[in-house]
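Asks: Here you go, one structure.
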Amino acid sequence: MQSVDDFLHKTQYKESLILKSTGFLMRHPNLTIDIITTGGTLEKQYDPIVQTTVCTDAPSPLPNYIEKYIQPAFDINYHPVCNIDSRDMTEEIYEKIIEAIDKSGTHIIITHGTDTMSNTAQLLLERLSSDHGKTIILIGSMYPYALSPNDVGFNLGYAIGQCPSLESGIYICMNAQTFNAGRAVKNTEKGVFEAA
């Protein structure tokens with residue numbers, strides 16, 4: 001049986017989330033977030049032929065996922081660049097990512113494979129002008145969208161929540177943490193991102 005203290009704690013927690021959400025929307029009534037998709041584990045889908053998850057040429061599942069499950073109360077624009085394993089990043093793709101950033105607004109989320117996410121964040125830090133005036137967050141997942149449970153929804157929600165409150169700059173949001181570009185590495189043994 002649930003104790004009174006547990007009930008009050010959960011009720012207060014839910015109320016705090018509602019108040020934070022309301023305050024968030026009141027502070028950012030005209031917010032638009034641009035999501036640039038590049039693939040990675042986050043967007044992999046199950047292929048019954050090879051019986052594993054793979055990057056495909058199919059449209060990104062993220063727009064439908066965000067609309068159905070996250071239901072943000074602001075506008076989101078999508079900019080598909082590619083759908084690849086991040087170990088297959090090329091100079092041409094980096095140029096397309098930068099082009100998509102240039103065409104986007106001031107709040108940007110880039111979906112990316114985790115293996116080279118730190119490299120891309122560092123590259124953007126070096127190639128974008130220091131006065132670009134945009135908040136750019138790279139995110140990925142350790143478990144693919146196509147499998148359940150996964151960390152896709154949490155990572156997306158966390159990044160969307162962080163985006164308006166961060167100063168302009170380049171960040172990685174993983175494992176409920178926000179890292180500055182050049183300050184995060186993937187621990188491949190633990191499957192988490194850590195401060196560099």
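We name chains A, B, ... following the order of the structure tokens; residues begin at 1 in each chain, and ligands are numbered from 1 as shown.
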Report as a tab-separated table the residues of range 125-153 of chain A within 10 Å of range 33-38 of chain A, each with its shortest atom pair and distance in Å (one decimal), using only C-alpha atoms, ordered by chain and increasing residue number.
Replies:
residue	atom	partner	partner_atom	distance
A:Thr135	CA	A:Ile33	CA	9.8
A:Ile136	CA	A:Asp34	CA	9.5
A:Ile137	CA	A:Ile35	CA	9.5
A:Leu138	CA	A:Ile36	CA	9.3
A:Ile139	CA	A:Thr37	CA	10.0
A:Gly140	CA	A:Thr38	CA	9.9
Asks: May I have the selected residues written with N, CA and C atoms, as a PDB file, in the first residue's frame?
Replies:
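As a result, selection_1.pdb now contains:
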ATOM      1  N   THR A 135      22.064  28.010 -30.574  1.00  0.00           N
ATOM      2  CA  THR A 135      22.205  26.928 -29.604  1.00  0.00           C
ATOM      3  C   THR A 135      22.073  25.619 -30.366  1.00  0.00           C
ATOM      4  N   ILE A 136      23.149  24.857 -30.410  1.00  0.00           N
ATOM      5  CA  ILE A 136      23.197  23.634 -31.211  1.00  0.00           C
ATOM      6  C   ILE A 136      23.481  22.458 -30.285  1.00  0.00           C
ATOM      7  N   ILE A 137      22.566  21.491 -30.271  1.00  0.00           N
ATOM      8  CA  ILE A 137      22.697  20.321 -29.402  1.00  0.00           C
ATOM      9  C   ILE A 137      22.776  19.059 -30.253  1.00  0.00           C
ATOM     10  N   LEU A 138      23.784  18.245 -30.008  1.00  0.00           N
ATOM     11  CA  LEU A 138      23.881  16.938 -30.652  1.00  0.00           C
ATOM     12  C   LEU A 138      23.368  15.881 -29.683  1.00  0.00           C
ATOM     13  N   ILE A 139      22.529  14.994 -30.198  1.00  0.00           N
ATOM     14  CA  ILE A 139      22.025  13.893 -29.369  1.00  0.00           C
ATOM     15  C   ILE A 139      22.060  12.599 -30.174  1.00  0.00           C
ATOM     16  N   GLY A 140      22.028  11.499 -29.457  1.00  0.00           N
ATOM     17  CA  GLY A 140      21.933  10.181 -30.078  1.00  0.00           C
ATOM     18  C   GLY A 140      21.246   9.247 -29.105  1.00  0.00           C
TER      19      GLY A 140
END
Asks: Going by DSSP on the backbone, which residues of range 74-157 of chain A come out as strand (DSSP E)? List them as a ChimeraX atom specification.
Replies: /A:75-84,107-111,135-139
Asks: Considering only alpha helix (DSSP H) as DSSP defines it on the backbone, what residues of range 134-195 of chain A qualify? List them as an MDAnalysis selection string.
Replies: chainID A and resid 152:162
Asks: Could you give me, as a list in words, the residues within 8 Å of Gln122 in chain A, counting only C-alpha atoms and dropping anything in the same chain fewer than 3 positions from it?
Replies: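 Non-adjacent residues within range: Ser118, Asn119, Leu125, Glu126, Ala181 and Gly182 of chain A.
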Asks: How many Å lie between CA of Ile97 in chain A and CA of Phe193 in chain A, rounded to one decimal?
Replies: 22.2 Å
Asks: Counting only C-alpha atoms, figure out which residue out of A:Asn30, A:Gly133, A:Tyr171, A:Glu43 gets nearest to Asn150 in chain A.
Replies: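 Looking only at the distances to Asn150 in chain A, the closest residue turns out to be A:Glu43.
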Asks: Using only C-alpha atoms, which residue out of A:Leu42, A:Leu124, A:Met117, A:Ile172 lies closest to Ile101 in chain A?
Replies: A:Leu124
Asks: Just give me the gap between CA of Leu62 in chain A and CA of Gly153 in chain A in Å, one decimal is fine.
Replies: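 Spanning CA of Leu62 in chain A to CA of Gly153 in chain A is a straight-line distance of 9.7 Å.
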